[in-house]
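data-v5.cif, holding mmCIF, C-alpha atoms:
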```
data_model
loop_
_atom_site.label_atom_id
_atom_site.label_comp_id
_atom_site.auth_asym_id
_atom_site.auth_seq_id
_atom_site.Cartn_x
_atom_site.Cartn_y
_atom_site.Cartn_z
CA LEU A 1 -4.24 -5.92 -11.43
CA ALA A 2 -4.89 -3.73 -14.46
CA ARG A 3 -3.32 -6.42 -16.64
CA ILE A 4 -5.59 -9.03 -15.11
CA ALA A 5 -8.58 -6.76 -15.62
CA ASP A 6 -7.80 -6.64 -19.35
CA ASP A 7 -8.96 -10.24 -19.43
CA GLY A 8 -12.40 -9.31 -18.13
CA THR A 9 -13.42 -11.51 -15.21
CA LYS A 10 -11.66 -14.70 -16.35
CA MET A 11 -8.82 -14.23 -13.86
CA LEU A 12 -10.40 -11.89 -11.31
CA LYS A 13 -13.31 -12.94 -9.12
CA ARG A 14 -12.94 -10.65 -6.13
CA THR A 15 -10.69 -7.86 -4.94
CA ILE A 16 -9.97 -6.45 -1.48
CA GLY A 17 -8.07 -3.17 -1.41
CA GLY A 18 -7.73 0.24 0.13
CA HIS A 19 -7.85 2.35 -3.03
CA TYR A 20 -8.94 1.78 -6.64
CA GLY A 21 -7.97 5.14 -8.10
CA GLN A 22 -4.74 3.81 -9.64
CA VAL A 23 -6.40 0.76 -11.23
CA PRO A 24 -9.28 2.23 -13.29
CA LYS A 25 -9.84 -0.98 -15.25
CA VAL A 26 -10.45 -2.88 -12.03
CA ALA A 27 -12.67 -0.05 -10.78
CA GLU A 28 -14.74 -0.38 -13.95
CA LEU A 29 -15.28 -4.09 -13.28
CA VAL A 30 -16.34 -3.20 -9.72
CA LEU A 31 -18.82 -0.56 -10.86
CA ASN A 32 -20.24 -2.94 -13.46
CA GLU A 33 -20.78 -5.63 -10.80
CA GLN A 34 -18.47 -8.01 -12.67
CA VAL A 35 -16.32 -8.78 -9.61
CA GLU A 36 -16.87 -8.82 -5.86
CA ALA A 37 -15.06 -5.86 -4.27
CA TRP A 38 -14.38 -4.49 -0.80
CA THR A 39 -12.64 -1.29 0.23
CA LEU A 40 -10.95 -1.68 3.62
CA PRO A 41 -8.45 0.49 5.52
CA MET A 42 -4.98 -0.10 4.11
CA GLY A 43 -3.47 -0.67 7.54
CA SER A 44 -6.11 -3.24 8.39
CA VAL A 45 -5.47 -5.09 5.11
CA SER A 46 -1.79 -5.19 6.06
CA ARG A 47 -2.65 -6.60 9.47
CA MET A 48 -4.94 -9.21 7.90
CA VAL A 49 -1.95 -10.46 5.93
CA ARG A 50 0.26 -10.38 9.02
CA SER A 51 -2.37 -12.38 10.92
CA GLN A 52 -2.26 -15.05 8.24
CA SER A 53 1.52 -15.13 8.51
CA THR A 54 1.23 -16.00 12.23
CA HIS A 55 -1.70 -18.44 11.93
CA SER A 56 -3.91 -15.93 13.76
CA PRO A 57 -7.66 -15.78 13.01
CA GLY A 58 -7.59 -12.11 12.07
CA HIS A 59 -6.88 -8.52 13.04
CA ILE A 60 -8.88 -7.05 15.93
CA THR A 61 -9.11 -3.26 16.18
CA THR A 62 -11.43 -0.32 16.74
CA ILE A 63 -10.43 1.08 13.33
CA GLY A 64 -13.52 1.31 11.13
CA LEU A 65 -16.17 1.31 13.86
CA GLY A 66 -19.06 3.54 12.86
CA THR A 67 -17.77 3.92 9.30
CA TYR A 68 -18.72 2.21 6.05
CA VAL A 69 -16.42 -0.67 7.06
CA ASP A 70 -18.62 -1.43 10.07
CA PRO A 71 -20.81 -4.48 9.30
CA ASP A 72 -23.76 -2.54 10.75
CA ILE A 73 -23.38 -0.21 7.75
CA SER A 74 -21.87 -1.93 4.70
CA GLY A 75 -18.96 -4.02 5.93
CA GLY A 76 -16.67 -2.37 3.40
CA ALA A 77 -18.57 -3.76 0.41
CA ALA A 78 -17.91 -1.64 -2.68
CA ASN A 79 -20.72 -3.13 -4.76
CA GLU A 80 -23.79 -5.35 -4.61
CA ALA A 81 -21.80 -8.37 -5.81
CA ALA A 82 -19.74 -8.20 -2.62
CA LYS A 83 -22.81 -7.92 -0.40
CA LYS A 84 -24.22 -11.10 -1.97
CA SER A 85 -20.94 -13.00 -1.56
CA ALA A 86 -20.61 -15.80 0.97
CA LEU A 87 -17.42 -14.10 2.17
CA HIS A 88 -19.10 -10.82 3.05
CA LYS A 89 -20.39 -11.66 6.54
CA LYS A 90 -17.08 -13.31 7.46
CA LEU A 91 -14.67 -10.68 6.14
CA VAL A 92 -15.39 -7.97 8.73
CA SER A 93 -17.34 -8.87 11.84
CA LYS A 94 -18.14 -7.02 15.05
CA ILE A 95 -17.09 -8.59 18.35
CA ASN A 96 -17.16 -7.54 22.01
CA ILE A 97 -14.23 -7.83 24.41
CA ASP A 98 -14.60 -6.56 28.00
CA ASP A 99 -17.70 -4.56 27.02
CA GLN A 100 -15.79 -2.82 24.22
CA ALA A 101 -16.83 -3.19 20.58
CA TYR A 102 -14.15 -4.14 18.06
CA LEU A 103 -14.01 -5.08 14.40
CA SER A 104 -12.39 -8.36 13.43
CA TYR A 105 -10.83 -8.41 9.96
CA LYS A 106 -10.56 -12.03 8.89
CA ALA A 107 -7.18 -13.49 7.92
CA LEU A 108 -7.40 -15.04 4.45
CA PRO A 109 -5.26 -17.84 2.98
CA ILE A 110 -2.88 -16.83 0.20
CA ASP A 111 -2.29 -19.38 -2.55
CA VAL A 112 0.10 -17.26 -4.61
CA ALA A 113 1.96 -14.17 -3.42
CA ILE A 114 3.68 -11.91 -5.97
CA ILE A 115 6.23 -9.62 -4.33
CA ARG A 116 8.89 -7.26 -5.64
CA GLY A 117 12.52 -6.58 -4.83
CA THR A 118 15.63 -5.23 -6.50
CA THR A 119 18.26 -7.97 -6.30
CA ALA A 120 18.06 -11.73 -5.76
CA ASP A 121 20.70 -14.39 -5.37
CA ALA A 122 20.34 -17.98 -6.52
CA GLN A 123 19.07 -18.99 -3.07
CA GLY A 124 16.16 -16.58 -3.35
CA ASN A 125 17.37 -13.97 -0.86
CA ILE A 126 15.92 -10.61 -1.89
CA SER A 127 17.16 -7.05 -1.26
CA VAL A 128 15.16 -3.89 -1.90
CA GLU A 129 17.74 -1.13 -2.41
CA HIS A 130 15.98 0.40 -5.44
CA GLU A 131 12.40 -0.01 -4.20
CA SER A 132 10.78 3.29 -3.28
CA LEU A 133 8.74 1.71 -0.46
CA LEU A 134 9.58 -0.90 2.14
CA CYS A 135 6.17 -2.51 2.36
CA ASP A 136 4.83 -5.91 3.37
CA GLN A 137 6.95 -8.11 1.12
CA LYS A 138 8.22 -10.33 3.94
CA ILE A 139 4.96 -10.79 5.82
CA THR A 140 3.12 -11.41 2.54
CA ALA A 141 5.62 -14.11 1.67
CA ALA A 142 5.31 -15.62 5.15
CA ALA A 143 1.50 -15.56 4.91
CA ALA A 144 1.62 -17.44 1.62
CA LYS A 145 4.03 -20.06 3.01
CA ASN A 146 1.84 -20.51 6.10
CA SER A 147 -1.12 -21.03 3.75
CA GLY A 148 0.67 -23.74 1.83
CA GLY A 149 1.02 -21.36 -1.11
CA ILE A 150 3.94 -20.24 -3.26
CA VAL A 151 5.88 -16.98 -3.45
CA ILE A 152 7.03 -15.39 -6.72
CA ALA A 153 9.50 -12.50 -6.49
CA GLN A 154 10.10 -10.06 -9.34
CA VAL A 155 13.54 -8.43 -9.33
CA LYS A 156 15.78 -6.32 -11.58
CA ARG A 157 18.96 -8.36 -11.29
CA ILE A 158 20.63 -11.54 -10.02
CA ALA A 159 23.65 -11.61 -7.71
CA ALA A 160 26.04 -14.40 -6.77
CA ASN A 161 25.25 -16.41 -3.65
CA ASP A 162 26.50 -14.88 -0.40
CA SER A 163 27.12 -11.52 -2.09
CA ILE A 164 24.11 -9.67 -0.65
CA PRO A 165 25.07 -8.39 2.83
CA SER A 166 22.91 -10.11 5.44
CA ARG A 167 21.62 -6.79 6.83
CA GLN A 168 20.33 -5.90 3.36
CA VAL A 169 18.28 -9.09 2.89
CA ALA A 170 14.64 -8.01 3.18
CA ILE A 171 13.06 -11.36 2.26
CA PRO A 172 14.94 -14.55 3.19
CA GLY A 173 15.31 -17.15 0.47
CA ALA A 174 13.42 -19.73 2.55
CA LEU A 175 10.25 -17.71 1.90
CA VAL A 176 10.73 -17.49 -1.89
CA ASP A 177 9.83 -20.23 -4.38
CA CYS A 178 10.49 -18.53 -7.69
CA VAL A 179 12.43 -15.48 -8.90
CA VAL A 180 11.52 -13.65 -12.11
CA VAL A 181 14.11 -11.25 -13.52
CA VAL A 182 12.76 -8.36 -15.57
CA ASP A 183 14.69 -7.83 -18.80
CA GLU A 184 16.66 -4.58 -18.57
CA LYS A 185 14.92 -3.14 -21.63
CA ASP A 186 11.57 -3.77 -19.95
CA VAL A 187 12.53 -2.31 -16.57
CA PRO A 188 11.05 1.19 -17.22
CA GLU A 189 7.68 -0.38 -18.01
CA CYS A 190 7.60 -3.46 -15.77
CA HIS A 191 9.71 -2.41 -12.80
CA PRO A 192 9.41 1.38 -12.28
CA MET A 193 9.69 3.10 -8.92
CA SER A 194 6.25 4.61 -9.27
CA TYR A 195 3.49 5.04 -11.81
CA VAL A 196 5.41 7.87 -13.46
CA GLU A 197 9.13 7.42 -12.67
CA HIS A 198 11.61 4.73 -13.64
CA HIS A 199 14.18 5.79 -11.04
CA ASN A 200 14.38 8.71 -8.63
CA SER A 201 17.31 8.67 -6.20
CA SER A 202 15.52 10.96 -3.76
CA LEU A 203 12.81 8.33 -3.23
CA ILE A 204 15.33 5.88 -1.79
CA GLY A 205 17.39 8.36 0.22
CA GLU A 206 20.43 8.42 -2.07
CA LEU A 207 20.15 12.20 -2.27
CA LYS A 208 18.02 15.01 -0.90
CA THR A 209 15.98 17.10 -3.30
CA PRO A 210 16.60 20.87 -2.91
CA ARG A 211 13.49 22.41 -1.36
CA ASP A 212 13.36 25.28 -3.86
CA SER A 213 13.26 22.83 -6.77
CA ILE A 214 9.93 21.36 -5.64
CA GLU A 215 7.01 22.80 -7.58
CA LYS A 216 4.53 24.66 -5.39
CA MET A 217 0.91 23.61 -5.23
CA PRO A 218 -1.28 25.88 -7.43
CA LEU A 219 -3.72 28.17 -5.64
CA ASN A 220 -7.07 26.42 -6.11
CA ILE A 221 -9.83 24.92 -3.99
CA ARG A 222 -7.66 21.90 -3.14
CA LYS A 223 -4.95 24.16 -1.77
CA LEU A 224 -7.44 26.23 0.22
CA ILE A 225 -8.72 23.05 1.88
CA ALA A 226 -5.16 21.86 2.53
CA ARG A 227 -4.19 25.22 4.06
CA ARG A 228 -7.21 25.20 6.34
CA ALA A 229 -6.33 21.67 7.50
CA PHE A 230 -2.67 22.55 7.98
CA PHE A 231 -3.32 25.62 10.11
CA GLY A 232 -5.45 23.46 12.38
CA LEU A 233 -2.39 21.41 13.33
CA LYS A 234 -0.42 21.92 16.52
CA PRO A 235 3.40 21.97 16.69
CA ASN A 236 5.19 18.74 17.58
CA THR A 237 2.40 16.54 16.29
CA ILE A 238 2.57 13.46 14.08
CA VAL A 239 0.23 13.59 11.09
CA ASN A 240 -0.67 10.60 8.91
CA LEU A 241 -1.57 11.60 5.34
CA GLY A 242 -3.69 9.63 2.88
CA ILE A 243 -3.65 9.92 -0.89
CA GLY A 244 -5.65 12.70 -2.55
CA LEU A 245 -6.54 15.95 -0.80
CA PRO A 246 -4.59 15.16 2.41
CA GLU A 247 -1.27 15.18 0.53
CA GLY A 248 -1.77 18.92 -0.01
CA VAL A 249 -1.09 19.40 3.71
CA ALA A 250 2.52 18.35 3.07
CA ALA A 251 2.89 20.89 0.27
CA VAL A 252 1.55 23.69 2.47
CA ALA A 253 3.83 22.66 5.35
CA ALA A 254 6.83 22.92 3.03
CA GLU A 255 5.77 26.33 1.68
CA GLU A 256 5.31 27.66 5.21
CA ASP A 257 8.72 26.21 6.23
CA MET A 258 7.06 24.24 9.02
CA LEU A 259 8.34 20.74 8.34
CA SER A 260 10.68 21.00 11.32
CA TYR A 261 7.71 21.56 13.64
CA ILE A 262 5.50 18.64 12.60
CA THR A 263 6.23 15.05 11.57
CA LEU A 264 4.45 13.84 8.44
CA SER A 265 3.86 10.17 7.71
CA THR A 266 1.97 8.35 4.96
CA GLU A 267 -0.20 5.25 4.65
CA PRO A 268 2.63 2.99 3.41
CA GLY A 269 4.79 3.87 6.40
CA VAL A 270 7.12 6.67 5.23
CA PHE A 271 8.00 8.75 8.28
CA GLY A 272 9.28 12.33 8.33
CA GLY A 273 10.43 14.73 5.64
CA LEU A 274 8.26 15.88 2.76
CA PRO A 275 6.14 13.05 1.28
CA ALA A 276 6.01 12.84 -2.49
CA SER A 277 2.72 13.79 -4.13
CA GLY A 278 0.57 12.82 -7.10
CA HIS A 279 1.41 9.48 -8.71
CA ASN A 280 4.57 9.37 -6.57
CA PHE A 281 2.56 9.64 -3.36
CA GLY A 282 3.90 7.61 -0.47
#
```
Step by step, read the file and then write its structure as structure tokens.
Amino acid sequence: LARIADDGTKMLKRTIGGHYGQVPKVAELVLNEQVEAWTLPMGSVSRMVRSQSTHSPGHITTIGLGTYVDPDISGGAANEAAKKSALHKKLVSKINIDDQAYLSYKALPIDVAIIRGTTADAQGNISVEHESLLCDQKITAAAAKNSGGIVIAQVKRIAANDSIPSRQVAIPGALVDCVVVVDEKDVPECHPMSYVEHHNSSLIGELKTPRDSIEKMPLNIRKLIARRAFFGLKPNTIVNLGIGLPEGVAAVAAEEDMLSYITLSTEPGVFGGLPASGHNFG
């Protein structure tokens, strides 16, 4: 998106996302009212895409009720341009089922889906062995196909047909229209594992990072907040962490040697262990 934002508003009219901290150029367009923008819960955005993949009208949930996402407050609009958009009243609506209020997040058609994998064969089957996150590649591709759209997959390498083990195929070739192979010399820039790392074997489970090699969180106000939050947790609980201050809870849990007593998860779906922090978060 940052590359698209370089072109001003010629290629970007509206954006719907859960976080704009990693795309400052897009955030600048939002703040300057140059594009329509909404900030919705990441999980709900995922379910909106899944709904489109199943020809469902949208995602119905109690998530967001009474918050800024609630249409009675701002409907998730991040700027005035979004509030004036014809899409705004349709994107998140409030409905009632059996006397219970719910929010309905509208499924949106996808004309072009750009997904990422590691290896592709000539039939378009995609594996994800070097991707640090197993996200919504397949449901995004299915949503695009069910919208009459096309799917473009970026990969690092091409394999011979029938050489990718079937259990390792994350996106079937029937859902892929075009494969783009990143030149090896451009992989560090165009196909990194995260914003700051080209490849880290610990992020894909190839090895386990020694606990004592992980840098401790410095003692500052962020750590004090994280420690207070951590010591409010009960043993044998599952905790979902968001990016920013919440990730400090994981660092404190590791320092206190308490990771065996609580289960940490993150927004993208990583479950258990010690979540990465900073630009590797997730």
Dump as a PDB file with C-alpha atoms, in the frame of the given file all residues having an atom at most 12 Å from (-16.8, 0.1, 5.7), computed in the file's coordinates with all atoms listed in the file.
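So the final result, stored in selection31.pdb, reads:
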```pdb
ATOM      1  CA  ILE A  16      -9.970  -6.450  -1.480  1.00  0.00           C
ATOM      2  CA  GLY A  17      -8.070  -3.170  -1.410  1.00  0.00           C
ATOM      3  CA  GLY A  18      -7.730   0.240   0.130  1.00  0.00           C
ATOM      4  CA  ALA A  37     -15.060  -5.860  -4.270  1.00  0.00           C
ATOM      5  CA  TRP A  38     -14.380  -4.490  -0.800  1.00  0.00           C
ATOM      6  CA  THR A  39     -12.640  -1.290   0.230  1.00  0.00           C
ATOM      7  CA  LEU A  40     -10.950  -1.680   3.620  1.00  0.00           C
ATOM      8  CA  PRO A  41      -8.450   0.490   5.520  1.00  0.00           C
ATOM      9  CA  MET A  42      -4.980  -0.100   4.110  1.00  0.00           C
ATOM     10  CA  SER A  44      -6.110  -3.240   8.390  1.00  0.00           C
ATOM     11  CA  ILE A  63     -10.430   1.080  13.330  1.00  0.00           C
ATOM     12  CA  GLY A  64     -13.520   1.310  11.130  1.00  0.00           C
ATOM     13  CA  LEU A  65     -16.170   1.310  13.860  1.00  0.00           C
ATOM     14  CA  GLY A  66     -19.060   3.540  12.860  1.00  0.00           C
ATOM     15  CA  THR A  67     -17.770   3.920   9.300  1.00  0.00           C
ATOM     16  CA  TYR A  68     -18.720   2.210   6.050  1.00  0.00           C
ATOM     17  CA  VAL A  69     -16.420  -0.670   7.060  1.00  0.00           C
ATOM     18  CA  ASP A  70     -18.620  -1.430  10.070  1.00  0.00           C
ATOM     19  CA  PRO A  71     -20.810  -4.480   9.300  1.00  0.00           C
ATOM     20  CA  ASP A  72     -23.760  -2.540  10.750  1.00  0.00           C
ATOM     21  CA  ILE A  73     -23.380  -0.210   7.750  1.00  0.00           C
ATOM     22  CA  SER A  74     -21.870  -1.930   4.700  1.00  0.00           C
ATOM     23  CA  GLY A  75     -18.960  -4.020   5.930  1.00  0.00           C
ATOM     24  CA  GLY A  76     -16.670  -2.370   3.400  1.00  0.00           C
ATOM     25  CA  ALA A  77     -18.570  -3.760   0.410  1.00  0.00           C
ATOM     26  CA  ALA A  78     -17.910  -1.640  -2.680  1.00  0.00           C
ATOM     27  CA  ASN A  79     -20.720  -3.130  -4.760  1.00  0.00           C
ATOM     28  CA  LYS A  83     -22.810  -7.920  -0.400  1.00  0.00           C
ATOM     29  CA  HIS A  88     -19.100 -10.820   3.050  1.00  0.00           C
ATOM     30  CA  LEU A  91     -14.670 -10.680   6.140  1.00  0.00           C
ATOM     31  CA  VAL A  92     -15.390  -7.970   8.730  1.00  0.00           C
ATOM     32  CA  SER A  93     -17.340  -8.870  11.840  1.00  0.00           C
ATOM     33  CA  LYS A  94     -18.140  -7.020  15.050  1.00  0.00           C
ATOM     34  CA  LEU A 103     -14.010  -5.080  14.400  1.00  0.00           C
ATOM     35  CA  TYR A 105     -10.830  -8.410   9.960  1.00  0.00           C
TER      36      TYR A 105
END
```
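Atom pair atom CA of Glu247 of chain A / atom CA of Ser104 of chain A: separated by 29.1 Å.
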Quiz prompt | Test item: residues at most 9 Å from segment 132-147 of chain A, all atoms listed in the file, excluding those fewer than 5 positions along its chain, as a ChimeraX atom specification | solution = /A:46,49-55,108-117,152,170-172,175-176,193-194,199-201,203-204,268-270,282
Quiz prompt | Point (1.1, 29.7, 1.5), cut-off 12 Å, counting all atoms listed in the file, residues as JSON, numbers by chain | solution = {"A": [216, 217, 218, 219, 220, 223, 224, 225, 226, 227, 228, 230, 231, 248, 249, 250, 251, 252, 253, 254, 255, 256, 257, 258]}
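Straight-line separation from atom CA of Tyr195 of chain A to atom CA of Asn280 of chain A: 6.9 Å.
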Practice problem: Write out as number ranges by chain which residues come within 12 Å of Ile97 of chain A when counting all atoms listed in the file, dropping same-chain ones fewer than 4 positions away. | Solution: A: 60-62, 101-104
Quiz prompt | the PyMOL selection byres ((chain A and resi 238-244) around 7) applied to the shown file, residues as a PyMOL selection string | solution = chain A and resi 236-237+245-247+262-267+281
Self-check item: Matched chain/residue IDs from the PyMOL selection byres ((chain A and resi 162) around 12), as a ChimeraX atom specification
Solution: /A:120-126,158-161,163-169,173
Self-check item: Pick from A:Lys156, A:Ala229, A:Val45, A:Lys13, whichever lies nearest to Lys185 of chain A using only C-alpha atoms
Solution: A:Lys156
Quiz item: Within 9 Å of Glu80 of chain A, counting all atoms listed in the file, which residues qualify if same-chain residues fewer than 5 places away don't, as a PyMOL selection string?
Solution: chain A and resi 33+36-37+85
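Going from atom CA of Arg157 of chain A over to atom CA of Leu1 of chain A, you cover 23.3 Å.
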Quiz item: Could you spell out the hits of the PyMOL selection byres ((chain A and resi 182) around 8) on the shown file, as a VMD selection string?
Solution: chain A and resid 154 to 157 180 to 181 183 to 184 186 to 187 190 to 191
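Using only C-alpha atoms, the contacts of segment 21-26 of chain A at a cut-off of 8 Å, with sequence neighbours closer than 3 positions omitted, comprise Leu1, Ala2, Ala5, Asp6, Leu29 and Val30 of chain A.
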Calculate, to one decimal in Å, the centre and edge lengths of the box along x, y and z of the file that holds all listed atoms of segment 36-51 of chain A with 8 Å of margin on each side, and present them as JSON.
```
{"center_x": -8.3, "center_y": -5.9, "center_z": 2.5, "size_x": 33.1, "size_y": 28.9, "size_z": 32.8}
```
